[in-house]
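Student: Input upload04.cif, format and content: mmCIF, C-alpha atoms and all ligand atoms.
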data_target
#
loop_
_atom_site.label_atom_id
_atom_site.label_comp_id
_atom_site.auth_asym_id
_atom_site.auth_seq_id
_atom_site.Cartn_x
_atom_site.Cartn_y
_atom_site.Cartn_z
CA MET A 1 -134.00 34.92 62.56
CA MET A 2 -131.72 35.10 59.51
CA HIS A 3 -131.27 38.46 57.78
CA PRO A 4 -132.86 38.34 54.24
CA ARG A 5 -129.49 39.14 52.66
CA ASN A 6 -127.76 36.23 54.49
CA LYS A 7 -130.69 34.00 53.57
CA PHE A 8 -130.24 34.96 49.92
CA LEU A 9 -126.48 34.26 50.13
CA SER A 10 -126.97 30.82 51.65
CA TYR A 11 -129.51 29.94 48.91
CA PHE A 12 -127.06 31.26 46.35
CA TRP A 13 -124.27 28.99 47.63
CA ILE A 14 -126.52 25.94 47.92
CA ILE A 15 -127.75 26.42 44.32
CA SER A 16 -124.23 27.11 42.98
CA LEU A 17 -122.73 24.05 44.67
CA THR A 18 -125.58 21.84 43.46
CA LEU A 19 -125.12 23.16 39.91
CA LEU A 20 -121.36 22.54 40.12
CA LEU A 21 -121.93 18.96 41.25
CA VAL A 22 -124.43 18.43 38.45
CA ILE A 23 -121.96 19.85 35.88
CA ILE A 24 -119.03 17.77 37.20
CA SER A 25 -120.95 14.51 37.14
CA PHE A 26 -123.28 15.36 34.25
CA PRO A 27 -123.60 12.29 32.11
CA VAL A 28 -122.74 12.79 28.42
CA ASN A 29 -124.40 10.25 26.14
CA GLY A 30 -125.44 8.46 29.32
CA LYS A 31 -121.80 8.18 30.49
CA GLU A 32 -120.37 9.96 33.53
CA LEU A 33 -117.42 12.30 32.94
CA VAL A 34 -114.48 12.66 35.29
CA GLY A 35 -113.32 16.27 35.33
CA LEU A 36 -109.53 16.70 35.06
CA PRO A 37 -107.35 19.18 36.95
CA GLN A 38 -106.99 22.58 35.24
CA ILE A 39 -103.86 22.96 33.10
CA GLU A 40 -101.42 25.51 34.48
CA LEU A 41 -99.74 27.20 31.53
CA ASN A 42 -96.53 27.91 33.42
CA ASP A 43 -92.89 28.38 32.40
CA ASN A 44 -92.24 24.68 31.92
CA ASP A 45 -90.26 24.49 28.65
CA LEU A 46 -92.34 21.69 27.17
CA ILE A 47 -95.66 23.30 28.06
CA SER A 48 -94.46 26.62 26.59
CA ALA A 49 -93.27 24.96 23.38
CA ILE A 50 -96.62 23.18 22.97
CA VAL A 51 -98.54 26.41 23.63
CA ASP A 52 -96.35 28.50 21.29
CA ARG A 53 -96.33 26.03 18.41
CA GLN A 54 -98.43 27.23 15.52
CA ALA A 55 -98.20 27.14 11.74
CA GLU A 56 -95.78 29.96 10.84
CA ARG A 57 -95.88 30.88 7.16
CA GLN A 58 -94.13 34.24 7.11
CA PHE A 59 -90.39 34.21 7.55
CA SER A 60 -87.75 36.95 7.68
CA THR A 61 -84.88 36.70 5.21
CA GLU A 62 -82.35 36.25 8.05
CA PRO A 63 -80.46 32.94 7.99
CA ILE A 64 -80.77 30.45 10.81
CA ALA A 65 -77.74 29.23 12.77
CA LEU A 66 -76.12 25.91 11.83
CA LYS A 67 -76.29 24.99 15.53
CA ASP A 68 -80.08 25.40 15.46
CA LEU A 69 -80.33 23.24 12.34
CA ALA A 70 -78.24 20.58 14.11
CA LEU A 71 -80.48 20.66 17.20
CA ILE A 72 -83.67 20.46 15.14
CA LEU A 73 -82.38 17.49 13.12
CA TRP A 74 -81.17 15.76 16.27
CA ALA A 75 -84.56 16.28 17.94
CA GLY A 76 -86.35 14.95 14.87
CA ASN A 77 -84.31 11.88 14.06
CA GLY A 78 -81.09 11.95 16.09
CA ILE A 79 -79.27 9.48 18.27
CA LYS A 80 -79.17 9.93 22.05
CA SER A 81 -76.74 7.14 22.84
CA PRO A 82 -74.75 4.65 20.77
CA GLN A 83 -76.87 1.79 19.45
CA VAL A 84 -76.42 -1.40 21.43
CA ASP A 85 -78.39 -3.75 19.19
CA SER A 86 -81.08 -3.50 16.53
CA VAL A 87 -83.90 -3.34 19.08
CA SER A 88 -82.04 -1.30 21.65
CA HIS A 89 -84.05 1.07 23.76
CA ALA A 90 -83.67 4.78 24.09
CA THR A 91 -81.05 5.16 21.39
CA ARG A 92 -83.00 7.69 19.33
CA THR A 93 -85.03 10.75 20.13
CA ILE A 94 -88.10 8.96 18.72
CA PRO A 95 -89.41 5.43 19.20
CA SER A 96 -89.55 3.03 16.24
CA ALA A 97 -91.37 -0.26 15.82
CA MET A 98 -88.81 -3.10 16.10
CA GLY A 99 -86.04 -0.47 16.17
CA ILE A 100 -86.14 -0.23 12.34
CA TYR A 101 -86.16 3.59 12.08
CA PRO A 102 -87.47 3.88 8.51
CA ILE A 103 -87.66 7.69 8.43
CA ASP A 104 -85.19 9.79 6.48
CA VAL A 105 -84.99 13.56 6.78
CA TYR A 106 -83.80 15.53 3.75
CA VAL A 107 -82.70 19.12 4.20
CA PHE A 108 -83.27 21.79 1.57
CA ALA A 109 -80.91 24.41 2.97
CA ILE A 110 -81.62 27.88 1.63
CA GLN A 111 -80.18 30.22 4.25
CA VAL A 112 -78.20 28.53 6.99
CA GLU A 113 -75.11 30.26 8.43
CA GLY A 114 -71.98 28.33 7.48
CA LEU A 115 -73.77 25.78 5.28
CA PRO A 116 -73.65 26.09 1.49
CA SER A 117 -77.13 26.21 0.03
CA GLY A 118 -77.99 22.74 -1.23
CA ILE A 119 -79.94 19.55 -0.67
CA TYR A 120 -78.70 17.16 2.00
CA LEU A 121 -79.66 13.90 3.70
CA TYR A 122 -79.35 13.85 7.50
CA MET A 123 -77.28 10.85 8.63
CA PRO A 124 -78.32 10.22 12.27
CA ASP A 125 -75.52 7.73 13.01
CA LYS A 126 -72.86 10.29 12.05
CA HIS A 127 -74.88 13.38 13.02
CA ALA A 128 -73.81 14.79 9.65
CA LEU A 129 -75.26 15.92 6.34
CA GLN A 130 -74.59 14.14 3.07
CA GLU A 131 -74.96 16.38 0.04
CA ILE A 132 -77.32 15.19 -2.69
CA PRO A 133 -76.15 16.45 -6.08
CA SER A 134 -79.14 18.16 -7.66
CA ILE A 135 -80.42 21.36 -9.16
CA ASN A 136 -80.39 24.69 -7.32
CA VAL A 137 -82.47 24.58 -4.09
CA ALA A 138 -84.87 27.41 -4.99
CA GLU A 139 -85.51 25.78 -8.37
CA ALA A 140 -86.02 22.39 -6.69
CA LEU A 141 -88.55 23.84 -4.22
CA THR A 142 -90.47 25.59 -7.00
CA LYS A 143 -90.75 22.24 -8.75
CA ILE A 144 -91.87 20.20 -5.76
CA THR A 145 -94.44 22.50 -4.14
CA ASN A 146 -96.55 25.48 -5.09
CA GLN A 147 -96.50 26.86 -1.52
CA ARG A 148 -94.94 30.30 -1.90
CA ALA A 149 -93.91 30.54 1.79
CA VAL A 150 -91.18 27.94 1.24
CA GLN A 151 -89.22 30.48 -0.83
CA ASN A 152 -88.83 32.68 2.29
CA ALA A 153 -87.98 29.83 4.61
CA SER A 154 -84.37 29.26 5.69
CA VAL A 155 -84.68 25.54 5.42
CA VAL A 156 -87.27 23.04 4.23
CA PHE A 157 -87.25 19.49 5.52
CA LEU A 158 -88.62 16.50 3.69
CA ILE A 159 -89.79 13.73 5.99
CA ALA A 160 -89.94 10.52 4.01
CA PHE A 161 -89.76 6.85 4.69
CA HIS A 162 -87.29 4.55 3.09
CA GLN A 163 -89.23 1.78 1.41
CA GLU A 164 -86.58 -0.90 1.92
CA LYS A 165 -86.65 -0.28 5.67
CA SER A 166 -90.39 0.29 5.99
CA SER A 167 -91.16 -2.91 4.04
CA ARG A 168 -89.99 -4.75 7.17
CA MET A 169 -92.77 -3.15 9.23
CA ASN A 170 -96.48 -2.51 9.00
CA GLU A 171 -96.70 0.52 6.71
CA LYS A 172 -98.96 2.39 9.11
CA PHE A 173 -96.12 2.42 11.64
CA ALA A 174 -93.92 4.31 9.17
CA TYR A 175 -96.59 7.03 8.88
CA PHE A 176 -96.88 7.11 12.65
CA GLU A 177 -93.11 7.51 13.02
CA ALA A 178 -93.03 10.33 10.46
CA GLY A 179 -95.50 12.14 12.73
CA GLU A 180 -93.18 11.73 15.71
CA VAL A 181 -90.29 13.23 13.72
CA ALA A 182 -92.43 16.17 12.56
CA GLN A 183 -93.64 16.89 16.10
CA ASN A 184 -90.13 16.84 17.57
CA ILE A 185 -88.95 19.14 14.78
CA SER A 186 -91.77 21.61 15.37
CA LEU A 187 -91.27 21.68 19.15
CA MET A 188 -87.49 22.15 18.90
CA THR A 189 -88.11 24.86 16.32
CA VAL A 190 -90.26 26.76 18.83
CA GLU A 191 -87.64 26.23 21.53
CA ARG A 192 -85.05 27.91 19.24
CA GLU A 193 -87.48 30.83 18.66
CA LEU A 194 -88.00 29.78 15.06
CA GLY A 195 -91.24 29.04 13.24
CA SER A 196 -92.33 26.12 11.11
CA TYR A 197 -95.25 24.75 9.21
CA VAL A 198 -96.13 21.40 7.77
CA ILE A 199 -96.78 21.16 4.04
CA GLY A 200 -98.84 18.31 2.68
CA MET A 201 -99.26 19.88 -0.77
CA TYR A 202 -96.38 18.72 -2.93
CA TYR A 203 -95.73 16.81 -6.15
CA GLN A 204 -94.44 13.41 -5.16
CA GLU A 205 -92.96 12.52 -8.56
CA LYS A 206 -91.03 15.82 -8.64
CA ILE A 207 -89.47 15.09 -5.24
CA ILE A 208 -88.29 11.71 -6.50
CA GLU A 209 -86.98 13.36 -9.69
CA VAL A 210 -85.11 16.11 -7.80
CA LEU A 211 -83.55 13.70 -5.30
CA LYS A 212 -83.00 10.97 -7.90
CA GLU A 213 -84.17 8.52 -5.23
CA GLU A 214 -86.92 6.07 -6.07
CA ASN A 215 -86.84 4.19 -2.79
CA ILE A 216 -88.55 6.84 -0.73
CA GLU A 217 -92.16 7.61 0.07
CA PRO A 218 -92.41 11.36 0.80
CA ILE A 219 -94.80 12.15 3.65
CA VAL A 220 -94.59 15.85 4.50
CA LEU A 221 -92.42 18.88 3.96
CA MET A 222 -91.71 21.31 6.80
CA ALA A 223 -90.66 24.90 6.19
CA VAL A 224 -88.59 26.53 8.95
CA GLY A 225 -87.29 30.05 9.41
CA LYS A 226 -87.18 33.10 11.66
CA PRO A 227 -90.75 34.31 12.07
CA LEU A 228 -91.48 37.70 10.54
CA LEU A 229 -92.37 39.78 13.60
C1 LIG B 1 -100.35 16.71 7.48
C2 LIG B 1 -100.46 18.21 7.39
C3 LIG B 1 -100.43 18.83 6.17
C4 LIG B 1 -100.51 20.22 6.08
N1 LIG B 1 -100.39 20.80 4.85
C5 LIG B 1 -100.39 22.16 4.74
C6 LIG B 1 -100.20 22.78 3.47
O1 LIG B 1 -100.00 22.13 2.44
N2 LIG B 1 -100.24 24.14 3.42
C7 LIG B 1 -100.42 24.90 4.55
O2 LIG B 1 -100.43 26.14 4.43
N3 LIG B 1 -100.59 24.33 5.78
C8 LIG B 1 -100.57 22.99 5.89
N4 LIG B 1 -100.70 22.39 7.13
C9 LIG B 1 -100.81 23.24 8.33
C10 LIG B 1 -102.24 23.29 8.86
O3 LIG B 1 -103.05 24.09 8.01
C11 LIG B 1 -102.22 23.89 10.28
O4 LIG B 1 -101.45 23.04 11.09
C12 LIG B 1 -103.63 24.02 10.83
O5 LIG B 1 -104.30 25.08 10.19
C13 LIG B 1 -103.67 24.26 12.33
O6 LIG B 1 -102.97 25.43 12.66
P1 LIG B 1 -101.76 25.43 13.71
O7 LIG B 1 -100.70 24.48 13.16
O8 LIG B 1 -101.28 26.86 13.74
O9 LIG B 1 -102.28 24.94 15.03
C14 LIG B 1 -100.65 21.00 7.24
C15 LIG B 1 -100.69 20.36 8.49
C16 LIG B 1 -100.59 18.99 8.56
C17 LIG B 1 -100.60 18.34 9.93
#
Please rewrite the model in this file as structure tokens.

Tutor:
Amino acid sequence: MMHPRNKFLSYFWIISLTLLLVIISFPVNGKELVGLPQIELNDNDLISAIVDRQAERQFSTEPIALKDLALILWAGNGIKSPQVDSVSHATRTIPSAMGIYPIDVYVFAIQVEGLPSGIYLYMPDKHALQEIPSINVAEALTKITNQRAVQNASVVFLIAFHQEKSSRMNEKFAYFEAGEVAQNISLMTVERELGSYVIGMYYQEKIIEVLKEENIEPIVLMAVGKPLL
């Protein structure tokens, strides 16, 4: 005869296993769910960058390295290999419908080692910055957004699409591609132990006025800097 304690344990296991099976295959809205393997949050660089990414709005006044700025811009909109043709594959760090690449990234450099403070356009094909003659950066940022955290950032990016290029594609693709650029920027930022946050609150007409560029549709700003520990 089974000892009462063993009897209790076997009932316990039978009930637990039955419950587990019911939970795993419990229909939601009448539809069965397939449970997925648990996520192991290990040292994989990509997993860590995804886990560590968060909106960072407090920055130290330390400048960021020019090398980090270069890496972040490359990740966001850079070229991996020379372009073979207009619809070549794997030339950029992001995909683009019909290989049009309508996204432009402007750089409001406030505190970057070795880079004079100013407003620049990232030129992916040359992996270089082209200066945009304009007013002082701090003044420009005060005009275009009321988010105070941008004043402590080392750099603020403007992700915009170029209307001449985007007019050749479905406009929703241009928005989609801006999202890809923003995500790559935020993940590379984390990888470089920097912080970033996306800013949707800005004055569109002021951006156009500051950049003296009417052919762009601003989508988001991204402030980047060393997180205040
Ligand atoms: C399109 C977009 C616009 C955003 N605009 C702002 C903004 O104007 N100001 C702000 O403080 N945060 C802004 N955020 C950041 C969100 O508030 C933040 O991502 C959200 O609270 C989730 O937090 P997490 O990024 O730390 O996961 C924006 C995020 C996105 C994706």

Student: Under the rule that only C-alpha atoms are counted, which of A:Gly30, A:Pro133, A:Gly114, A:Gly99 is the nearest residue to Glu213 of chain A?

Tutor: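 The answer is A:Pro133, which sits nearest to Glu213 of chain A.
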
Student: Name the residues, by chain letter and number, that sit within 9 Å of ligand LIG 1 (chain B) using all atoms listed in the file, and give them as an MDAnalysis selection string.

Tutor: chainID A and resid 53:57 145:147 149 179 182 196:202 219:222

Student: In Å, how far is it from atom CA of Ala140 of chain A to atom CA of Ala153 of chain A?

Tutor: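 About the pair atom CA of Ala140 of chain A and atom CA of Ala153 of chain A: they are 13.7 Å apart.
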
Student: Would you compute the distance between atom CA of Tyr120 of chain A and atom CA of Phe108 of chain A? Give it in Å to one decimal.

Tutor: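 Result for atom CA of Tyr120 of chain A versus atom CA of Phe108 of chain A: 6.5 Å, one decimal.
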
Student: With all atoms listed in the file counted, which protein, DNA or RNA residues have an atom no more than 10 Å from (-86.1, 28.5, 27.7) in the file frame? Please answer as JSON, numbers by chain.

Tutor: {"A": [43, 44, 45, 46, 48, 49, 190, 191, 192, 193]}

Student: Take the residues from that selection and put them in a file with C-alpha atoms, as a short mmCIF file (atom, residue, chain, number, x, y, z; two decimals), in the coordinates of the input.

Tutor:
data_model
loop_
_atom_site.label_atom_id
_atom_site.label_comp_id
_atom_site.auth_asym_id
_atom_site.auth_seq_id
_atom_site.Cartn_x
_atom_site.Cartn_y
_atom_site.Cartn_z
CA ASP A 43 -92.89 28.38 32.40
CA ASN A 44 -92.24 24.68 31.92
CA ASP A 45 -90.26 24.49 28.65
CA LEU A 46 -92.34 21.69 27.17
CA SER A 48 -94.46 26.62 26.59
CA ALA A 49 -93.27 24.96 23.38
CA VAL A 190 -90.26 26.76 18.83
CA GLU A 191 -87.64 26.23 21.53
CA ARG A 192 -85.05 27.91 19.24
CA GLU A 193 -87.48 30.83 18.66
#

Student: Just give me the gap between atom CA of Met123 of chain A and atom CA of Phe59 of chain A in Å, one decimal is fine.

Tutor: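 That distance, rounded to one decimal, is 26.8 Å.
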
Student: Could you check which of A:Ala97, A:Val224, A:Val105, A:Ile119 is closest to Ile159 of chain A, using only C-alpha atoms?

Tutor: A:Val105

Student: Give the answer as one residue: which of A:Ile208, A:Ile100, A:Ala178, A:Ala128 has the shortest atom-to-atom distance to Trp74 of chain A, using all atoms listed in the file?

Tutor: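 Looking only at the distances to Trp74 of chain A, the closest residue turns out to be A:Ala128.
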
Student: Of the candidates A:Ile144, A:Leu36, A:Leu187, A:Ile132, which one gets nearest to Lys212 of chain A if we count all atoms listed in the file?

Tutor: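 Among the listed residues, A:Ile132 lies closest to Lys212 of chain A.
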
Student: For Pro116 of chain A, which residue out of A:Lys80, A:Thr142, A:Ser167, A:Pro63 is the nearest one, using all atoms listed in the file?

Tutor: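 Comparing A:Lys80, A:Thr142, A:Ser167, A:Pro63 against Pro116 of chain A, the winner is A:Pro63.
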
Student: So which one's closest to Val150 of chain A, A:Leu194, A:Ala223, A:Leu73, A:Met98? Using all atoms listed in the file, please.

Tutor: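 Answer, going by the shortest atom-to-atom distance: A:Ala223.
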
Student: What's the 8 Å shell around Ser60 of chain A, counting only C-alpha atoms, without same-chain residues fewer than 4 positions away, as number ranges by chain?

Tutor: A: 152-153, 225-228

Student: Set the distance at 12 Å and use all atoms listed in the file: which residues neighbour Phe161 of chain A once local chain neighbours fewer than 6 positions away are removed? I'd like the list as a list in words.

Tutor: Asn77, Ile100, Tyr101, Pro102, Ile103, Asp104, Val105, Tyr106, Ser167, Arg168, Met169, Glu171, Lys172, Phe173, Ala174, Tyr175, Phe176, Glu177, Ala178, Gly179, Val181, Glu213, Glu214, Asn215, Ile216, Glu217, Pro218, Ile219 and Val220 of chain A

Student: Those same residues, written as a short mmCIF file (atom, residue, chain, number, x, y, z; two decimals), keeping the file's coordinate frame with C-alpha atoms?

Tutor:
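That gives us out_2.cif:
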data_model
loop_
_atom_site.label_atom_id
_atom_site.label_comp_id
_atom_site.auth_asym_id
_atom_site.auth_seq_id
_atom_site.Cartn_x
_atom_site.Cartn_y
_atom_site.Cartn_z
CA ASN A 77 -84.31 11.88 14.06
CA ILE A 100 -86.14 -0.23 12.34
CA TYR A 101 -86.16 3.59 12.08
CA PRO A 102 -87.47 3.88 8.51
CA ILE A 103 -87.66 7.69 8.43
CA ASP A 104 -85.19 9.79 6.48
CA VAL A 105 -84.99 13.56 6.78
CA TYR A 106 -83.80 15.53 3.75
CA SER A 167 -91.16 -2.91 4.04
CA ARG A 168 -89.99 -4.75 7.17
CA MET A 169 -92.77 -3.15 9.23
CA GLU A 171 -96.70 0.52 6.71
CA LYS A 172 -98.96 2.39 9.11
CA PHE A 173 -96.12 2.42 11.64
CA ALA A 174 -93.92 4.31 9.17
CA TYR A 175 -96.59 7.03 8.88
CA PHE A 176 -96.88 7.11 12.65
CA GLU A 177 -93.11 7.51 13.02
CA ALA A 178 -93.03 10.33 10.46
CA GLY A 179 -95.50 12.14 12.73
CA VAL A 181 -90.29 13.23 13.72
CA GLU A 213 -84.17 8.52 -5.23
CA GLU A 214 -86.92 6.07 -6.07
CA ASN A 215 -86.84 4.19 -2.79
CA ILE A 216 -88.55 6.84 -0.73
CA GLU A 217 -92.16 7.61 0.07
CA PRO A 218 -92.41 11.36 0.80
CA ILE A 219 -94.80 12.15 3.65
CA VAL A 220 -94.59 15.85 4.50
#

Student: Contacts of Ile64 of chain A at 9 Å or less, counting all atoms listed in the file, minus same-chain residues fewer than 2 places along, as an MDAnalysis selection string?

Tutor: chainID A and resid 62 66:69 111:113 154:155 194 224:226
